[in-house]
>>> print(open('start-v1.txt').read())   # compact mmCIF, C-alpha atoms and all ligand atoms
# COMPACT_ATOMS: atom_id res chain seq x y z
CA MET A 169 0.00 0.00 0.00
CA LYS A 170 1.22 3.53 -0.80
CA ARG A 171 2.27 5.64 2.16
CA GLU A 172 -0.06 8.61 2.67
CA ILE A 173 1.22 12.09 3.58
CA LEU A 174 -0.83 15.21 4.27
CA VAL A 175 0.90 18.48 3.34
CA ALA A 176 -0.29 20.92 6.01
CA THR A 177 -0.28 24.38 4.49
CA THR A 178 -2.96 26.88 3.55
CA ASN A 179 -0.54 28.86 1.35
CA GLU A 180 -1.36 28.16 -2.32
CA GLY A 181 2.11 29.27 -3.43
CA LYS A 182 3.75 26.70 -1.16
CA ILE A 183 1.30 23.97 -2.22
CA CYS A 184 2.16 24.52 -5.89
CA GLU A 185 5.91 24.28 -5.28
CA ILE A 186 5.73 21.27 -2.94
CA ARG A 187 3.42 19.44 -5.36
CA ALA A 188 5.81 20.09 -8.27
CA VAL A 189 8.87 18.76 -6.44
CA MET A 190 7.35 15.83 -4.52
CA SER A 191 4.68 14.35 -6.77
CA ASP A 192 7.05 11.86 -8.42
CA LEU A 193 7.46 9.93 -5.13
CA PRO A 194 5.37 6.75 -4.66
CA ILE A 195 3.28 8.49 -2.01
CA ALA A 196 -0.41 9.36 -1.89
CA TRP A 197 -0.22 13.11 -1.24
CA SER A 198 -3.11 15.10 0.12
CA TYR A 199 -3.39 18.78 1.06
CA LEU A 200 -5.39 20.65 3.69
CA ALA A 201 -7.88 21.63 0.99
CA ASP A 202 -8.70 17.91 0.52
CA HIS A 203 -9.84 17.60 4.15
CA PRO A 204 -12.56 19.18 6.30
CA PRO A 205 -11.53 22.67 7.40
CA VAL A 206 -9.91 23.04 10.83
CA SER A 207 -8.66 26.17 12.59
CA ALA A 208 -4.97 26.95 12.10
CA PRO A 209 -2.48 26.59 14.97
CA ILE A 210 -0.87 29.66 16.59
CA GLU A 211 2.67 29.77 15.23
CA ASP A 212 4.39 31.32 18.22
CA ALA A 213 7.73 29.50 18.24
CA ALA A 214 10.95 31.50 17.91
CA THR A 215 12.51 29.55 15.04
CA PHE A 216 11.42 28.29 11.62
CA GLU A 217 12.23 24.72 12.64
CA ALA A 218 10.21 24.86 15.85
CA ASN A 219 7.24 26.37 13.98
CA ALA A 220 7.42 23.68 11.29
CA ILE A 221 7.38 20.98 13.98
CA LEU A 222 4.55 22.74 15.85
CA LYS A 223 2.43 22.90 12.66
CA ALA A 224 3.18 19.31 11.66
CA ARG A 225 2.34 17.99 15.16
CA TYR A 226 -0.88 20.01 15.29
CA TYR A 227 -2.24 18.70 11.98
CA ALA A 228 -0.94 15.14 12.55
CA ASN A 229 -2.96 15.11 15.75
CA LYS A 230 -6.07 16.66 14.12
CA PHE A 231 -6.13 14.26 11.17
CA ASP A 232 -4.31 11.23 12.58
CA LYS A 233 -2.03 11.19 9.55
CA CYS A 234 1.61 11.50 8.63
CA VAL A 235 2.08 15.24 8.00
CA LEU A 236 4.65 17.38 6.18
CA ALA A 237 4.69 21.06 7.26
CA ASP A 238 6.70 24.03 5.95
CA ASP A 239 7.66 27.12 7.93
CA SER A 240 9.52 29.69 5.94
CA GLY A 241 10.25 33.37 5.56
CA LEU A 242 12.57 36.19 4.67
CA GLU A 243 15.52 37.41 6.78
CA VAL A 244 16.89 40.87 5.92
CA ASP A 245 20.31 41.52 7.47
CA VAL A 246 20.00 45.28 7.93
CA LEU A 247 16.62 44.72 9.66
CA ASP A 248 18.25 42.33 12.15
CA GLY A 249 16.67 39.31 10.47
CA ALA A 250 13.11 40.73 10.21
CA PRO A 251 10.52 39.85 9.09
CA GLY A 252 11.85 36.34 9.89
CA VAL A 253 9.32 34.01 11.51
CA HIS A 254 6.76 36.84 11.23
CA SER A 255 7.03 37.02 7.41
CA ALA A 256 3.42 36.02 6.71
CA ARG A 257 2.02 38.69 9.07
CA TYR A 258 4.70 41.38 8.78
CA SER A 259 2.13 44.10 7.95
CA ASP A 260 -1.18 44.59 9.78
CA GLU A 261 -3.13 43.42 6.70
CA GLY A 262 -0.88 40.39 6.21
CA THR A 263 -1.35 40.37 2.42
CA ASP A 264 1.62 39.91 0.08
CA ALA A 265 1.15 43.47 -1.28
CA ALA A 266 1.02 45.09 2.18
CA ASN A 267 3.97 43.01 3.45
CA ASN A 268 6.04 44.10 0.45
CA ARG A 269 5.07 47.77 0.91
CA LYS A 270 6.17 47.63 4.55
CA LEU A 271 9.43 45.91 3.61
CA ILE A 272 10.35 48.48 0.95
CA ALA A 273 9.43 51.36 3.30
CA ALA A 274 11.64 49.87 6.03
CA LEU A 275 14.58 49.87 3.60
CA THR A 276 14.23 53.52 2.49
CA GLY A 277 17.67 55.07 2.16
CA ILE A 278 19.54 51.77 2.58
CA PRO A 279 22.04 51.31 -0.29
CA GLN A 280 21.75 48.25 -2.56
CA ALA A 281 24.94 46.69 -1.22
CA SER A 282 23.49 46.61 2.31
CA ARG A 283 20.17 45.00 1.34
CA THR A 284 21.38 41.42 1.66
CA ALA A 285 18.72 38.89 2.62
CA ARG A 286 17.83 35.24 2.49
CA PHE A 287 14.79 33.06 2.24
CA VAL A 288 14.74 30.21 4.77
CA CYS A 289 12.54 27.11 4.64
CA CYS A 290 12.23 24.44 7.33
CA LEU A 291 10.26 21.28 6.77
CA ALA A 292 9.08 18.75 9.35
CA LEU A 293 7.63 15.30 8.79
CA VAL A 294 5.65 14.05 11.80
CA GLN A 295 3.72 10.88 12.52
CA ASP A 296 2.10 9.89 15.82
CA HIS A 297 3.78 12.83 17.61
CA ASP A 298 7.21 11.63 16.45
CA VAL A 299 9.37 13.94 14.36
CA LEU A 300 10.54 11.56 11.62
CA LEU A 301 12.60 14.09 9.63
CA THR A 302 13.40 17.79 9.44
CA SER A 303 15.27 19.72 6.78
CA MET A 304 16.30 23.27 6.04
CA GLY A 305 17.13 25.20 2.87
CA THR A 306 18.21 28.77 2.19
CA ILE A 307 18.80 31.04 -0.80
CA GLU A 308 20.77 34.29 -0.67
CA GLY A 309 19.72 37.48 -2.44
CA ARG A 310 19.04 41.17 -1.91
CA ILE A 311 15.93 43.29 -1.74
CA VAL A 312 15.15 45.56 -4.70
CA ASP A 313 12.65 48.46 -4.58
CA GLU A 314 11.09 47.77 -7.95
CA ALA A 315 8.79 44.72 -8.14
CA ARG A 316 9.98 42.43 -10.95
CA GLY A 317 8.18 39.35 -12.27
CA THR A 318 4.83 37.73 -11.67
CA ASN A 319 5.70 34.13 -10.75
CA GLY A 320 5.86 32.78 -7.21
CA PHE A 321 4.26 34.54 -4.27
CA GLY A 322 5.04 36.56 -1.15
CA TYR A 323 8.25 38.59 -1.34
CA ASP A 324 9.41 37.00 -4.63
CA PRO A 325 9.05 40.17 -6.81
CA HIS A 326 11.53 42.03 -4.55
CA PHE A 327 14.02 39.17 -3.94
CA TYR A 328 16.87 39.54 -6.46
CA VAL A 329 19.28 36.61 -6.88
CA THR A 330 22.54 38.09 -8.11
CA ASN A 331 23.96 34.90 -9.69
CA GLU A 332 20.80 34.43 -11.74
CA GLY A 333 20.37 38.11 -12.62
CA MET A 334 16.66 38.06 -11.78
CA THR A 335 14.16 38.01 -8.93
CA THR A 336 12.60 34.74 -7.81
CA ALA A 337 9.33 36.05 -9.31
CA GLU A 338 11.04 36.28 -12.73
CA MET A 339 12.26 32.67 -12.55
CA PRO A 340 10.28 29.96 -14.31
CA PRO A 341 8.87 27.61 -11.62
CA GLU A 342 11.39 24.84 -12.46
CA GLN A 343 14.29 27.23 -11.87
CA LYS A 344 12.91 28.52 -8.56
CA ASN A 345 12.19 24.96 -7.39
CA LYS A 346 15.78 23.94 -8.14
CA LEU A 347 17.52 26.87 -6.44
CA SER A 348 15.16 28.08 -3.76
CA HIS A 349 15.12 27.59 0.00
CA ARG A 350 12.04 25.39 -0.41
CA GLY A 351 13.48 23.45 -3.35
CA ARG A 352 16.63 22.71 -1.33
CA ALA A 353 14.74 21.73 1.83
CA LEU A 354 12.45 19.48 -0.23
CA ALA A 355 15.40 17.79 -1.99
CA SER A 356 16.97 17.06 1.37
CA ILE A 357 13.82 15.68 3.00
CA LYS A 358 13.13 13.63 -0.13
CA SER A 359 16.43 11.81 0.25
CA GLY A 360 15.74 11.26 3.95
CA MET A 361 12.35 9.76 3.11
CA ALA A 362 14.00 7.11 0.97
CA ASN A 363 15.52 5.66 4.17
CA LEU A 364 12.35 5.60 6.28
P1 LIG B 1 1.07 28.01 6.28
O1 LIG B 1 1.48 28.34 7.70
O2 LIG B 1 -0.36 27.63 6.15
O3 LIG B 1 2.01 27.04 5.62
P2 LIG B 1 1.92 30.77 5.76
O4 LIG B 1 2.01 31.60 4.53
O5 LIG B 1 1.26 31.38 6.98
O6 LIG B 1 1.20 29.38 5.39
P3 LIG B 1 4.53 30.79 7.06
O7 LIG B 1 4.04 31.12 8.42
O8 LIG B 1 5.61 29.76 6.90
O9 LIG B 1 3.35 30.25 6.13
O10 LIG B 1 4.98 32.16 6.37
C1 LIG B 1 5.68 32.12 5.18
C2 LIG B 1 5.73 33.54 4.59
O11 LIG B 1 7.08 33.81 4.18
C3 LIG B 1 4.89 33.60 3.33
O12 LIG B 1 3.57 34.02 3.62
C4 LIG B 1 5.67 34.61 2.48
O13 LIG B 1 5.34 35.92 2.88
C5 LIG B 1 7.12 34.34 2.88
N1 LIG B 1 7.71 33.32 1.99
C6 LIG B 1 8.01 32.02 2.30
N2 LIG B 1 8.49 31.38 1.23
C7 LIG B 1 8.48 32.26 0.21
C8 LIG B 1 8.82 32.18 -1.14
O14 LIG B 1 9.21 31.04 -1.70
N3 LIG B 1 8.68 33.28 -1.89
C9 LIG B 1 8.25 34.43 -1.36
N4 LIG B 1 7.88 34.60 -0.09
C10 LIG B 1 7.99 33.51 0.71
>>> encode(input="start-v1.txt", output="structure tokens", more="lines below")
Ligand code: ITT
Amino acid sequence: MKREILVATTNEGKICEIRAVMSDLPIAWSYLADHPPVSAPIEDAATFEANAILKARYYANKFDKCVLADDSGLEVDVLDGAPGVHSARYSDEGTDAANNRKLIAALTGIPQASRTARFVCCLALVQDHDVLLTSMGTIEGRIVDEARGTNGFGYDPHFYVTNEGMTTAEMPPEQKNKLSHRGRALASIKSGMANL
């Protein structure tokens, strides 16, 4: 029988990327949208890893299933790592547009060279309260004022990857999935899953 894993995220951008990278595994994947709605957990841990584990445990308990959860975000060096674990709710509205407006306003007057940042993604695979695997991936870049590109989600239009000469929103999905924080964390957890 195929192993069944529930991917516990309500973020459509994440779902798309996780589906693209993981669907070739011999696993019956489901997503929160495939199950009856439940309230979301309060993500109040201090690190991406602890939040990923918290989310995975919460949904594993709710649905009695093996769960993969993703906690991720943007760390901007000159902002002391903000928005960090608060990336999804950085602005009061908590929409991508409002979060990006707040980010660009916070960087007013900061020269390009000092706008270094990274995306971080932590994944946790949990079953029966046990953390089976965790993984982490990062991608380095810098924040640009002008929004560029329409792919991806969140802060992608303002996250410029110097080596690639484009923002993550300008990358075709295959390119982002290969290089990104999430792509790297997924590749690592995928290899760990082969040994379970
Ligand atoms: P779930 O908790 O339901 O998975 P969420 O969006 O609330 O969804 P997080 O708490 O992990 O998830 O917050 C992640 C935020 O970080 C996300 O809303 C974006 O603002 C940002 N982010 C994460 N990965 C990103 C990516 O690949 N591109 C752009 N922004 C990203």
>>> closest_residue(input="start-v1.txt", among="A:Leu236, A:Ala176, A:Ala274, A:Ile195", to="Ser207 in chain A", atoms="all atoms listed in the file")
A:Ala176
>>> closest_residue(input="start-v1.txt", among="A:Ser255, A:Asn219, A:Ser198, A:Ser282", to="ligand LIG 1 (chain B)", atoms="all atoms listed in the file")
A:Ser255
>>> residues_near_ligand(input="start-v1.txt", ligand="ligand LIG 1 (chain B)", cutoff="9 Å", atoms="only C-alpha atoms and all ligand atoms", output="short mmCIF file (atom, residue, chain, number, x, y, z; two decimals) with C-alpha atoms, keeping the file's coordinate frame")
data_model
loop_
_atom_site.label_atom_id
_atom_site.label_comp_id
_atom_site.auth_asym_id
_atom_site.auth_seq_id
_atom_site.Cartn_x
_atom_site.Cartn_y
_atom_site.Cartn_z
CA VAL A 175 0.90 18.48 3.34
CA ALA A 176 -0.29 20.92 6.01
CA THR A 177 -0.28 24.38 4.49
CA THR A 178 -2.96 26.88 3.55
CA ASN A 179 -0.54 28.86 1.35
CA GLU A 180 -1.36 28.16 -2.32
CA GLY A 181 2.11 29.27 -3.43
CA LYS A 182 3.75 26.70 -1.16
CA ILE A 183 1.30 23.97 -2.22
CA GLU A 185 5.91 24.28 -5.28
CA LEU A 200 -5.39 20.65 3.69
CA ALA A 208 -4.97 26.95 12.10
CA PRO A 209 -2.48 26.59 14.97
CA GLU A 211 2.67 29.77 15.23
CA PHE A 216 11.42 28.29 11.62
CA ASN A 219 7.24 26.37 13.98
CA ALA A 220 7.42 23.68 11.29
CA LYS A 223 2.43 22.90 12.66
CA ALA A 237 4.69 21.06 7.26
CA ASP A 238 6.70 24.03 5.95
CA ASP A 239 7.66 27.12 7.93
CA SER A 240 9.52 29.69 5.94
CA GLY A 241 10.25 33.37 5.56
CA LEU A 242 12.57 36.19 4.67
CA PRO A 251 10.52 39.85 9.09
CA GLY A 252 11.85 36.34 9.89
CA VAL A 253 9.32 34.01 11.51
CA HIS A 254 6.76 36.84 11.23
CA SER A 255 7.03 37.02 7.41
CA ALA A 256 3.42 36.02 6.71
CA ARG A 257 2.02 38.69 9.07
CA TYR A 258 4.70 41.38 8.78
CA GLY A 262 -0.88 40.39 6.21
CA THR A 263 -1.35 40.37 2.42
CA ASP A 264 1.62 39.91 0.08
CA ASN A 267 3.97 43.01 3.45
CA ASN A 268 6.04 44.10 0.45
CA PHE A 287 14.79 33.06 2.24
CA VAL A 288 14.74 30.21 4.77
CA CYS A 289 12.54 27.11 4.64
CA CYS A 290 12.23 24.44 7.33
CA GLY A 320 5.86 32.78 -7.21
CA PHE A 321 4.26 34.54 -4.27
CA GLY A 322 5.04 36.56 -1.15
CA TYR A 323 8.25 38.59 -1.34
CA ASP A 324 9.41 37.00 -4.63
CA PRO A 325 9.05 40.17 -6.81
CA HIS A 326 11.53 42.03 -4.55
CA PHE A 327 14.02 39.17 -3.94
CA THR A 336 12.60 34.74 -7.81
CA ALA A 337 9.33 36.05 -9.31
CA LYS A 344 12.91 28.52 -8.56
CA ASN A 345 12.19 24.96 -7.39
CA SER A 348 15.16 28.08 -3.76
CA HIS A 349 15.12 27.59 0.00
CA ARG A 350 12.04 25.39 -0.41
CA GLY A 351 13.48 23.45 -3.35
#
>>> axis_aligned_box(input="start-v1.txt", around="range 232-243 of chain A", padding_each_side="4 Å", output="lines of an AutoDock Vina configuration file")
center_x = 5.6
center_y = 24.3
center_z = 8.6
size_x = 27.8
size_y = 34.2
size_z = 15.9
>>> residues_around(input="start-v1.txt", residues="Leu301 in chain A", least_positions_apart="4", cutoff="10 Å", atoms="only C-alpha atoms", output="ChimeraX atom specification")
/A:221,236,291-295,356-358,360-361,364
>>> closest_residue(input="start-v1.txt", among="A:His297, A:Lys170, A:Arg310, A:Lys346", to="Ile278 in chain A", atoms="all atoms listed in the file")
A:Arg310
>>> residues_near_point(input="start-v1.txt", point="(1.9, 12.7, 11.4)", cutoff="9 Å", atoms="only C-alpha atoms", output="JSON, numbers by chain")
{"A": [173, 174, 224, 225, 226, 227, 228, 229, 231, 232, 233, 234, 235, 236, 293, 294, 295, 296, 297, 298, 299, 300]}
>>> write_last_selection(input="start-v1.txt", atoms="C-alpha atoms", output="mmCIF file, in the coordinates of the input")
data_model
loop_
_atom_site.group_PDB
_atom_site.id
_atom_site.type_symbol
_atom_site.label_atom_id
_atom_site.label_comp_id
_atom_site.auth_asym_id
_atom_site.auth_seq_id
_atom_site.Cartn_x
_atom_site.Cartn_y
_atom_site.Cartn_z
ATOM 1 C CA ILE A 173 1.220 12.090 3.580
ATOM 2 C CA LEU A 174 -0.830 15.210 4.270
ATOM 3 C CA ALA A 224 3.180 19.310 11.660
ATOM 4 C CA ARG A 225 2.340 17.990 15.160
ATOM 5 C CA TYR A 226 -0.880 20.010 15.290
ATOM 6 C CA TYR A 227 -2.240 18.700 11.980
ATOM 7 C CA ALA A 228 -0.940 15.140 12.550
ATOM 8 C CA ASN A 229 -2.960 15.110 15.750
ATOM 9 C CA PHE A 231 -6.130 14.260 11.170
ATOM 10 C CA ASP A 232 -4.310 11.230 12.580
ATOM 11 C CA LYS A 233 -2.030 11.190 9.550
ATOM 12 C CA CYS A 234 1.610 11.500 8.630
ATOM 13 C CA VAL A 235 2.080 15.240 8.000
ATOM 14 C CA LEU A 236 4.650 17.380 6.180
ATOM 15 C CA LEU A 293 7.630 15.300 8.790
ATOM 16 C CA VAL A 294 5.650 14.050 11.800
ATOM 17 C CA GLN A 295 3.720 10.880 12.520
ATOM 18 C CA ASP A 296 2.100 9.890 15.820
ATOM 19 C CA HIS A 297 3.780 12.830 17.610
ATOM 20 C CA ASP A 298 7.210 11.630 16.450
ATOM 21 C CA VAL A 299 9.370 13.940 14.360
ATOM 22 C CA LEU A 300 10.540 11.560 11.620
#
>>> atom_distance(input="start-v1.txt", atom1="CA of Met304 in chain A", atom2="CA of Arg352 in chain A")
7.4 Å
>>> atom_distance(input="start-v1.txt", atom1="CA of Leu354 in chain A", atom2="CA of Asp202 in chain A")
21.2 Å
>>> atom_distance(input="start-v1.txt", atom1="CA of Thr318 in chain A", atom2="CA of Pro341 in chain A")
10.9 Å
>>> residues_around(input="start-v1.txt", residues="Gly249 in chain A", least_positions_apart="6", cutoff="10 Å", atoms="all atoms listed in the file", output="PyMOL selection string")
chain A and resi 242-243+285-286
>>> write_last_selection(input="start-v1.txt", atoms="C-alpha atoms", output="PDB file, keeping the file's coordinate frame")
ATOM      1  CA  LEU A 242      12.570  36.190   4.670  1.00  0.00           C
ATOM      2  CA  GLU A 243      15.520  37.410   6.780  1.00  0.00           C
ATOM      3  CA  ALA A 285      18.720  38.890   2.620  1.00  0.00           C
ATOM      4  CA  ARG A 286      17.830  35.240   2.490  1.00  0.00           C
TER       5      ARG A 286
END
>>> closest_residue(input="start-v1.txt", among="A:Pro279, A:Thr284, A:Thr306, A:Ala266", to="Ala250 in chain A", atoms="all atoms listed in the file")
A:Thr284
>>> closest_residue(input="start-v1.txt", among="A:Asp212, A:Glu308, A:Glu217, A:Glu172", to="Tyr199 in chain A", atoms="all atoms listed in the file")
A:Glu172
>>> closest_residue(input="start-v1.txt", among="A:Arg316, A:His203, A:Arg187, A:Arg283", to="Leu271 in chain A", atoms="all atoms listed in the file")
A:Arg283
>>> decode(input="start-v1.txt", residues="range 338-362 of chain A", atoms="N, CA, C and O atoms", output="mmCIF file, in the first residue's frame")
data_model
loop_
_atom_site.group_PDB
_atom_site.id
_atom_site.type_symbol
_atom_site.label_atom_id
_atom_site.label_comp_id
_atom_site.auth_asym_id
_atom_site.auth_seq_id
_atom_site.Cartn_x
_atom_site.Cartn_y
_atom_site.Cartn_z
ATOM 1 N N GLU A 338 10.759 36.325 -11.283
ATOM 2 C CA GLU A 338 11.037 36.277 -12.728
ATOM 3 C C GLU A 338 11.472 34.877 -13.161
ATOM 4 O O GLU A 338 11.516 34.575 -14.346
ATOM 5 N N MET A 339 11.806 34.020 -12.206
ATOM 6 C CA MET A 339 12.264 32.670 -12.553
ATOM 7 C C MET A 339 11.090 31.802 -12.987
ATOM 8 O O MET A 339 10.035 31.844 -12.353
ATOM 9 N N PRO A 340 11.286 30.978 -14.024
ATOM 10 C CA PRO A 340 10.276 29.962 -14.309
ATOM 11 C C PRO A 340 10.187 29.033 -13.085
ATOM 12 O O PRO A 340 11.201 28.857 -12.382
ATOM 13 N N PRO A 341 9.027 28.424 -12.818
ATOM 14 C CA PRO A 341 8.869 27.611 -11.615
ATOM 15 C C PRO A 341 9.946 26.529 -11.456
ATOM 16 O O PRO A 341 10.444 26.310 -10.351
ATOM 17 N N GLU A 342 10.380 25.908 -12.560
ATOM 18 C CA GLU A 342 11.389 24.835 -12.457
ATOM 19 C C GLU A 342 12.689 25.402 -11.906
ATOM 20 O O GLU A 342 13.395 24.733 -11.146
ATOM 21 N N GLN A 343 13.040 26.613 -12.332
ATOM 22 C CA GLN A 343 14.289 27.233 -11.873
ATOM 23 C C GLN A 343 14.187 27.591 -10.393
ATOM 24 O O GLN A 343 15.102 27.315 -9.613
ATOM 25 N N LYS A 344 13.061 28.187 -9.983
ATOM 26 C CA LYS A 344 12.909 28.524 -8.559
ATOM 27 C C LYS A 344 12.941 27.241 -7.721
ATOM 28 O O LYS A 344 13.590 27.183 -6.680
ATOM 29 N N ASN A 345 12.256 26.202 -8.188
ATOM 30 C CA ASN A 345 12.188 24.965 -7.394
ATOM 31 C C ASN A 345 13.547 24.290 -7.251
ATOM 32 O O ASN A 345 13.786 23.556 -6.296
ATOM 33 N N LYS A 346 14.439 24.533 -8.207
ATOM 34 C CA LYS A 346 15.776 23.938 -8.142
ATOM 35 C C LYS A 346 16.683 24.707 -7.161
ATOM 36 O O LYS A 346 17.451 24.110 -6.414
ATOM 37 N N LEU A 347 16.563 26.034 -7.173
ATOM 38 C CA LEU A 347 17.519 26.868 -6.435
ATOM 39 C C LEU A 347 17.020 27.363 -5.088
ATOM 40 O O LEU A 347 17.812 27.792 -4.257
ATOM 41 N N SER A 348 15.725 27.339 -4.886
ATOM 42 C CA SER A 348 15.160 28.084 -3.756
ATOM 43 C C SER A 348 15.363 27.370 -2.427
ATOM 44 O O SER A 348 15.703 26.184 -2.366
ATOM 45 N N HIS A 349 15.130 28.118 -1.366
ATOM 46 C CA HIS A 349 15.116 27.592 -0.001
ATOM 47 C C HIS A 349 14.199 26.368 0.099
ATOM 48 O O HIS A 349 14.575 25.335 0.623
ATOM 49 N N ARG A 350 13.000 26.499 -0.495
ATOM 50 C CA ARG A 350 12.035 25.392 -0.408
ATOM 51 C C ARG A 350 12.502 24.205 -1.261
ATOM 52 O O ARG A 350 12.396 23.047 -0.844
ATOM 53 N N GLY A 351 13.000 24.513 -2.462
ATOM 54 C CA GLY A 351 13.484 23.447 -3.351
ATOM 55 C C GLY A 351 14.590 22.655 -2.674
ATOM 56 O O GLY A 351 14.628 21.421 -2.737
ATOM 57 N N ARG A 352 15.495 23.376 -2.000
ATOM 58 C CA ARG A 352 16.629 22.705 -1.334
ATOM 59 C C ARG A 352 16.151 21.896 -0.128
ATOM 60 O O ARG A 352 16.605 20.770 0.092
ATOM 61 N N ALA A 353 15.254 22.468 0.664
ATOM 62 C CA ALA A 353 14.741 21.729 1.833
ATOM 63 C C ALA A 353 13.961 20.496 1.379
ATOM 64 O O ALA A 353 14.047 19.427 1.999
ATOM 65 N N LEU A 354 13.221 20.629 0.275
ATOM 66 C CA LEU A 354 12.448 19.480 -0.232
ATOM 67 C C LEU A 354 13.378 18.386 -0.750
ATOM 68 O O LEU A 354 13.156 17.197 -0.497
ATOM 69 N N ALA A 355 14.453 18.785 -1.461
ATOM 70 C CA ALA A 355 15.396 17.787 -1.988
ATOM 71 C C ALA A 355 16.008 17.011 -0.838
ATOM 72 O O ALA A 355 16.167 15.776 -0.903
ATOM 73 N N SER A 356 16.330 17.721 0.243
ATOM 74 C CA SER A 356 16.974 17.063 1.370
ATOM 75 C C SER A 356 16.005 16.122 2.099
ATOM 76 O O SER A 356 16.358 14.988 2.448
ATOM 77 N N ILE A 357 14.762 16.547 2.285
ATOM 78 C CA ILE A 357 13.820 15.676 2.998
ATOM 79 C C ILE A 357 13.425 14.480 2.124
ATOM 80 O O ILE A 357 13.172 13.380 2.613
ATOM 81 N N LYS A 358 13.443 14.700 0.818
ATOM 82 C CA LYS A 358 13.130 13.626 -0.129
ATOM 83 C C LYS A 358 14.149 12.493 0.015
ATOM 84 O O LYS A 358 13.796 11.324 0.052
ATOM 85 N N SER A 359 15.430 12.866 0.126
ATOM 86 C CA SER A 359 16.431 11.808 0.250
ATOM 87 C C SER A 359 16.310 11.124 1.605
ATOM 88 O O SER A 359 16.487 9.903 1.698
ATOM 89 N N GLY A 360 15.964 11.890 2.649
ATOM 90 C CA GLY A 360 15.738 11.256 3.952
ATOM 91 C C GLY A 360 14.561 10.293 3.932
ATOM 92 O O GLY A 360 14.584 9.253 4.590
ATOM 93 N N MET A 361 13.545 10.610 3.148
ATOM 94 C CA MET A 361 12.346 9.760 3.109
ATOM 95 C C MET A 361 12.638 8.408 2.475
ATOM 96 O O MET A 361 11.980 7.414 2.790
ATOM 97 N N ALA A 362 13.641 8.386 1.621
ATOM 98 C CA ALA A 362 13.998 7.110 0.972
ATOM 99 C C ALA A 362 14.477 6.099 1.997
ATOM 100 O O ALA A 362 14.398 4.893 1.790
#
